[in-house]
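Have a look at input01.txt below; it lists compact mmCIF, N, CA and C atoms.
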# COMPACT_ATOMS: atom_id res chain seq x y z
N MET H 408 0.84 -1.18 0.00
CA MET H 408 0.00 0.00 0.00
C MET H 408 0.89 1.24 0.00
N GLN H 409 0.57 2.19 -0.84
CA GLN H 409 1.33 3.42 -0.93
C GLN H 409 1.04 4.31 0.29
N VAL H 410 2.05 5.06 0.69
CA VAL H 410 1.91 5.95 1.85
C VAL H 410 0.79 6.95 1.61
N TYR H 411 0.73 7.50 0.42
CA TYR H 411 -0.30 8.50 0.13
C TYR H 411 -1.70 7.91 0.23
N THR H 412 -1.87 6.67 -0.19
CA THR H 412 -3.16 5.99 -0.08
C THR H 412 -3.51 5.79 1.38
N LEU H 413 -2.53 5.39 2.17
CA LEU H 413 -2.75 5.19 3.60
C LEU H 413 -3.17 6.49 4.28
N ILE H 414 -2.51 7.57 3.94
CA ILE H 414 -2.85 8.88 4.53
C ILE H 414 -4.26 9.29 4.16
N GLU H 415 -4.65 9.04 2.91
CA GLU H 415 -6.02 9.36 2.49
C GLU H 415 -7.04 8.52 3.24
N LEU H 416 -6.75 7.23 3.43
CA LEU H 416 -7.67 6.35 4.14
C LEU H 416 -7.83 6.76 5.61
N ILE H 417 -6.72 7.11 6.23
CA ILE H 417 -6.76 7.47 7.65
C ILE H 417 -7.29 8.88 7.85
N ASP H 418 -7.13 9.73 6.83
CA ASP H 418 -7.61 11.10 6.87
C ASP H 418 -7.00 11.88 8.04
N GLN H 419 -5.68 11.75 8.16
CA GLN H 419 -4.92 12.48 9.17
C GLN H 419 -3.75 13.18 8.48
N PRO H 420 -3.34 14.33 9.01
CA PRO H 420 -2.14 14.97 8.46
C PRO H 420 -0.94 14.03 8.62
N PRO H 421 0.03 14.10 7.71
CA PRO H 421 1.19 13.20 7.76
C PRO H 421 1.92 13.19 9.11
N PHE H 422 2.11 14.35 9.69
CA PHE H 422 2.83 14.41 10.96
C PHE H 422 2.06 13.69 12.07
N ASP H 423 0.74 13.82 12.07
CA ASP H 423 -0.07 13.11 13.06
C ASP H 423 0.00 11.61 12.84
N LEU H 424 -0.01 11.18 11.58
CA LEU H 424 0.12 9.76 11.28
C LEU H 424 1.47 9.23 11.79
N TRP H 425 2.52 10.02 11.61
CA TRP H 425 3.84 9.64 12.11
C TRP H 425 3.81 9.42 13.61
N ARG H 426 3.16 10.33 14.33
CA ARG H 426 3.07 10.18 15.80
C ARG H 426 2.29 8.92 16.16
N ILE H 427 1.22 8.62 15.45
CA ILE H 427 0.44 7.41 15.71
C ILE H 427 1.29 6.16 15.45
N LEU H 428 2.01 6.16 14.33
CA LEU H 428 2.87 5.02 14.02
C LEU H 428 3.93 4.81 15.09
N ASN H 429 4.50 5.89 15.56
CA ASN H 429 5.51 5.78 16.61
C ASN H 429 4.95 5.14 17.87
N ILE H 430 3.73 5.47 18.21
CA ILE H 430 3.10 4.87 19.40
C ILE H 430 2.95 3.36 19.19
N PHE H 431 2.46 2.96 18.03
CA PHE H 431 2.31 1.53 17.74
C PHE H 431 3.65 0.81 17.81
N LEU H 432 4.66 1.41 17.22
CA LEU H 432 5.98 0.77 17.19
C LEU H 432 6.56 0.61 18.60
N LYS H 433 6.28 1.56 19.47
CA LYS H 433 6.79 1.48 20.84
C LYS H 433 5.97 0.52 21.71
N LEU H 434 4.66 0.52 21.51
CA LEU H 434 3.79 -0.30 22.35
C LEU H 434 3.79 -1.78 21.97
N TYR H 435 4.10 -2.07 20.71
CA TYR H 435 4.05 -3.44 20.25
C TYR H 435 5.39 -3.89 19.64
N PRO H 436 6.40 -4.04 20.49
CA PRO H 436 7.71 -4.47 19.97
C PRO H 436 7.69 -5.88 19.39
N GLU H 437 6.68 -6.68 19.75
CA GLU H 437 6.57 -8.05 19.24
C GLU H 437 5.81 -8.11 17.91
N MET H 438 5.56 -6.95 17.33
CA MET H 438 4.86 -6.88 16.05
C MET H 438 5.63 -7.70 15.00
N PRO H 439 4.93 -8.38 14.11
CA PRO H 439 5.61 -9.15 13.07
C PRO H 439 6.61 -8.27 12.30
N THR H 440 7.73 -8.85 11.98
CA THR H 440 8.83 -8.11 11.36
C THR H 440 8.40 -7.42 10.07
N LYS H 441 7.64 -8.10 9.25
CA LYS H 441 7.21 -7.52 7.97
C LYS H 441 6.35 -6.26 8.20
N LEU H 442 5.44 -6.32 9.14
CA LEU H 442 4.59 -5.17 9.45
C LEU H 442 5.43 -4.05 10.05
N ASN H 443 6.33 -4.40 10.94
CA ASN H 443 7.21 -3.41 11.55
C ASN H 443 8.03 -2.70 10.47
N ASN H 444 8.56 -3.46 9.53
CA ASN H 444 9.34 -2.86 8.44
C ASN H 444 8.50 -1.93 7.58
N GLN H 445 7.25 -2.31 7.31
CA GLN H 445 6.37 -1.44 6.53
C GLN H 445 6.08 -0.14 7.28
N PHE H 446 5.84 -0.25 8.58
CA PHE H 446 5.62 0.96 9.38
C PHE H 446 6.85 1.86 9.37
N ARG H 447 8.03 1.26 9.45
CA ARG H 447 9.27 2.05 9.42
C ARG H 447 9.44 2.75 8.07
N GLU H 448 9.09 2.07 6.99
CA GLU H 448 9.18 2.70 5.66
C GLU H 448 8.23 3.88 5.56
N ILE H 449 7.02 3.73 6.09
CA ILE H 449 6.05 4.82 6.09
C ILE H 449 6.59 5.97 6.94
N GLU H 450 7.14 5.64 8.09
CA GLU H 450 7.70 6.67 8.97
C GLU H 450 8.80 7.46 8.27
N ILE H 451 9.68 6.77 7.58
CA ILE H 451 10.77 7.43 6.86
C ILE H 451 10.22 8.34 5.77
N ARG H 452 9.25 7.86 5.03
CA ARG H 452 8.65 8.66 3.95
C ARG H 452 8.00 9.93 4.52
N ILE H 453 7.32 9.79 5.63
CA ILE H 453 6.67 10.95 6.25
C ILE H 453 7.71 11.96 6.69
N ILE H 454 8.72 11.51 7.42
CA ILE H 454 9.73 12.42 7.95
C ILE H 454 10.55 13.07 6.84
N CYS H 455 10.90 12.31 5.83
CA CYS H 455 11.76 12.83 4.76
C CYS H 455 11.01 13.69 3.74
N GLU H 456 9.73 13.43 3.54
CA GLU H 456 9.00 14.12 2.47
C GLU H 456 7.76 14.85 2.94
N LEU H 457 6.82 14.10 3.47
CA LEU H 457 5.48 14.64 3.69
C LEU H 457 5.39 15.67 4.80
N ALA H 458 6.19 15.53 5.83
CA ALA H 458 6.12 16.48 6.94
C ALA H 458 6.59 17.87 6.53
N TRP H 459 7.34 17.96 5.42
CA TRP H 459 7.92 19.24 5.00
C TRP H 459 7.10 19.93 3.91
N LYS H 460 5.97 19.37 3.54
CA LYS H 460 5.15 20.02 2.52
C LYS H 460 4.51 21.28 3.07
N ARG H 461 4.28 22.20 2.18
CA ARG H 461 3.64 23.47 2.57
C ARG H 461 2.29 23.19 3.23
N GLY H 462 2.05 23.84 4.35
CA GLY H 462 0.79 23.67 5.07
C GLY H 462 0.81 22.57 6.10
N SER H 463 1.91 21.81 6.19
CA SER H 463 1.97 20.74 7.18
C SER H 463 2.13 21.31 8.58
N SER H 464 1.85 20.50 9.58
CA SER H 464 1.99 20.92 10.98
C SER H 464 3.41 21.36 11.29
N VAL H 465 4.38 20.64 10.77
CA VAL H 465 5.78 20.97 11.04
C VAL H 465 6.11 22.36 10.50
N ILE H 466 5.70 22.63 9.28
CA ILE H 466 5.97 23.94 8.67
C ILE H 466 5.25 25.04 9.44
N LYS H 467 4.03 24.79 9.87
CA LYS H 467 3.29 25.79 10.64
C LYS H 467 3.99 26.10 11.96
N ILE H 468 4.48 25.07 12.63
CA ILE H 468 5.18 25.27 13.90
C ILE H 468 6.47 26.05 13.68
N LEU H 469 7.24 25.67 12.67
CA LEU H 469 8.49 26.37 12.39
C LEU H 469 8.24 27.83 12.01
N ASP H 470 7.21 28.07 11.23
CA ASP H 470 6.86 29.44 10.84
C ASP H 470 6.46 30.27 12.06
N TYR H 471 5.67 29.68 12.94
CA TYR H 471 5.27 30.36 14.17
C TYR H 471 6.49 30.70 15.03
N MET H 472 7.42 29.75 15.16
CA MET H 472 8.62 29.99 15.96
C MET H 472 9.48 31.09 15.34
N ARG H 473 9.59 31.10 14.02
CA ARG H 473 10.35 32.14 13.33
C ARG H 473 9.74 33.51 13.57
N LYS H 474 8.41 33.61 13.47
CA LYS H 474 7.73 34.88 13.69
C LYS H 474 7.91 35.35 15.14
N GLN H 475 7.85 34.42 16.09
CA GLN H 475 8.07 34.76 17.50
C GLN H 475 9.48 35.31 17.71
N GLN H 476 10.46 34.69 17.06
CA GLN H 476 11.84 35.13 17.20
C GLN H 476 12.02 36.53 16.63
N VAL H 477 11.44 36.77 15.46
CA VAL H 477 11.52 38.09 14.85
C VAL H 477 10.86 39.12 15.76
N HIS H 478 9.72 38.77 16.31
CA HIS H 478 9.00 39.68 17.21
C HIS H 478 9.84 40.01 18.44
N GLU H 479 10.47 39.00 19.03
CA GLU H 479 11.33 39.21 20.20
C GLU H 479 12.52 40.09 19.87
N GLU H 480 13.12 39.87 18.70
CA GLU H 480 14.27 40.68 18.28
C GLU H 480 13.87 42.13 18.07
N GLU H 481 12.71 42.34 17.45
CA GLU H 481 12.20 43.71 17.24
C GLU H 481 11.92 44.39 18.57
N LYS H 482 11.37 43.63 19.50
CA LYS H 482 11.07 44.16 20.83
C LYS H 482 12.35 44.58 21.56
N GLU H 483 13.38 43.76 21.46
CA GLU H 483 14.66 44.07 22.09
C GLU H 483 15.29 45.31 21.47
N GLN H 484 15.22 45.43 20.15
CA GLN H 484 15.81 46.57 19.46
C GLN H 484 15.08 47.87 19.78
N SER H 485 13.77 47.80 19.96
CA SER H 485 13.01 49.02 20.25
C SER H 485 13.21 49.48 21.69
N SER H 486 13.64 48.59 22.57
CA SER H 486 13.84 48.97 23.97
C SER H 486 15.24 49.52 24.20
N VAL H 487 16.10 49.45 23.17
CA VAL H 487 17.49 49.94 23.32
C VAL H 487 17.57 51.40 23.08

Would you kindly transcribe this structure into structure tokens?
Amino acid sequence: MQVYTLIELIDQPPFDLWRILNIFLKLYPEMPTKLNNQFREIEIRIICELAWKRGSSVIKILDYMRKQQVHEEEKEQSSV
């Protein structure tokens, strides 16, 4: 099954799917090797590609942090 198909079926943002997969991988270490490997491949695809697409949660968080930093720097400069 393709990662994109899985994401459409689950109807979750890629980053959220990654967090869900991580929980499964940690809670079920006795998971069959083949299934574990498939989950790892999905995890890698999400982290390497999908989490960085425009509009993703990761990009929104990074953008928010960047704006906060700029705001703090402007605040410091205006108080000098």

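Across the structure, atom CA of H:Leu469 and atom C of H:Leu428 are spaced 22.2 Å apart.
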
Next on the checklist: Between H:Gln484, H:Asn429, H:Thr412, H:Ser463, which residue has the minimum interatomic distance to H:Phe446, considering all atoms listed in the file?
Outcome noted: H:Asn429

Next on the checklist: Among chain H, which ones does DSSP assign to helix (DSSP H, G or I) (computed from the backbone)? Answer as number ranges by chain.
Outcome noted: H: 410-417, 421-434, 440-455, 457-459, 464-485

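For the set H:Glu483, H:Arg447, H:Ile453, H:Pro439, the residue with the smallest atom-to-atom gap to H:Trp425 is H:Ile453, counting only C-alpha atoms.
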
Checklist entry - Any idea what the distance is between atom C of H:Leu413 and atom N of H:Ile454? => result 13.3 Å

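Between atom C of H:Gln476 and atom N of H:Lys460 there is a distance of 22.4 Å.
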
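Using only N, CA and C atoms, the shortest contact distance between H:Leu424 and any of H:Gln445, H:Tyr471, H:Thr440, H:Glu450 is found at H:Glu450.
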
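When only C-alpha atoms are used to measure the gap to H:Ile466, the shortest distance among H:Leu416, H:Leu432, H:Ile427, H:Phe422 belongs to H:Phe422.
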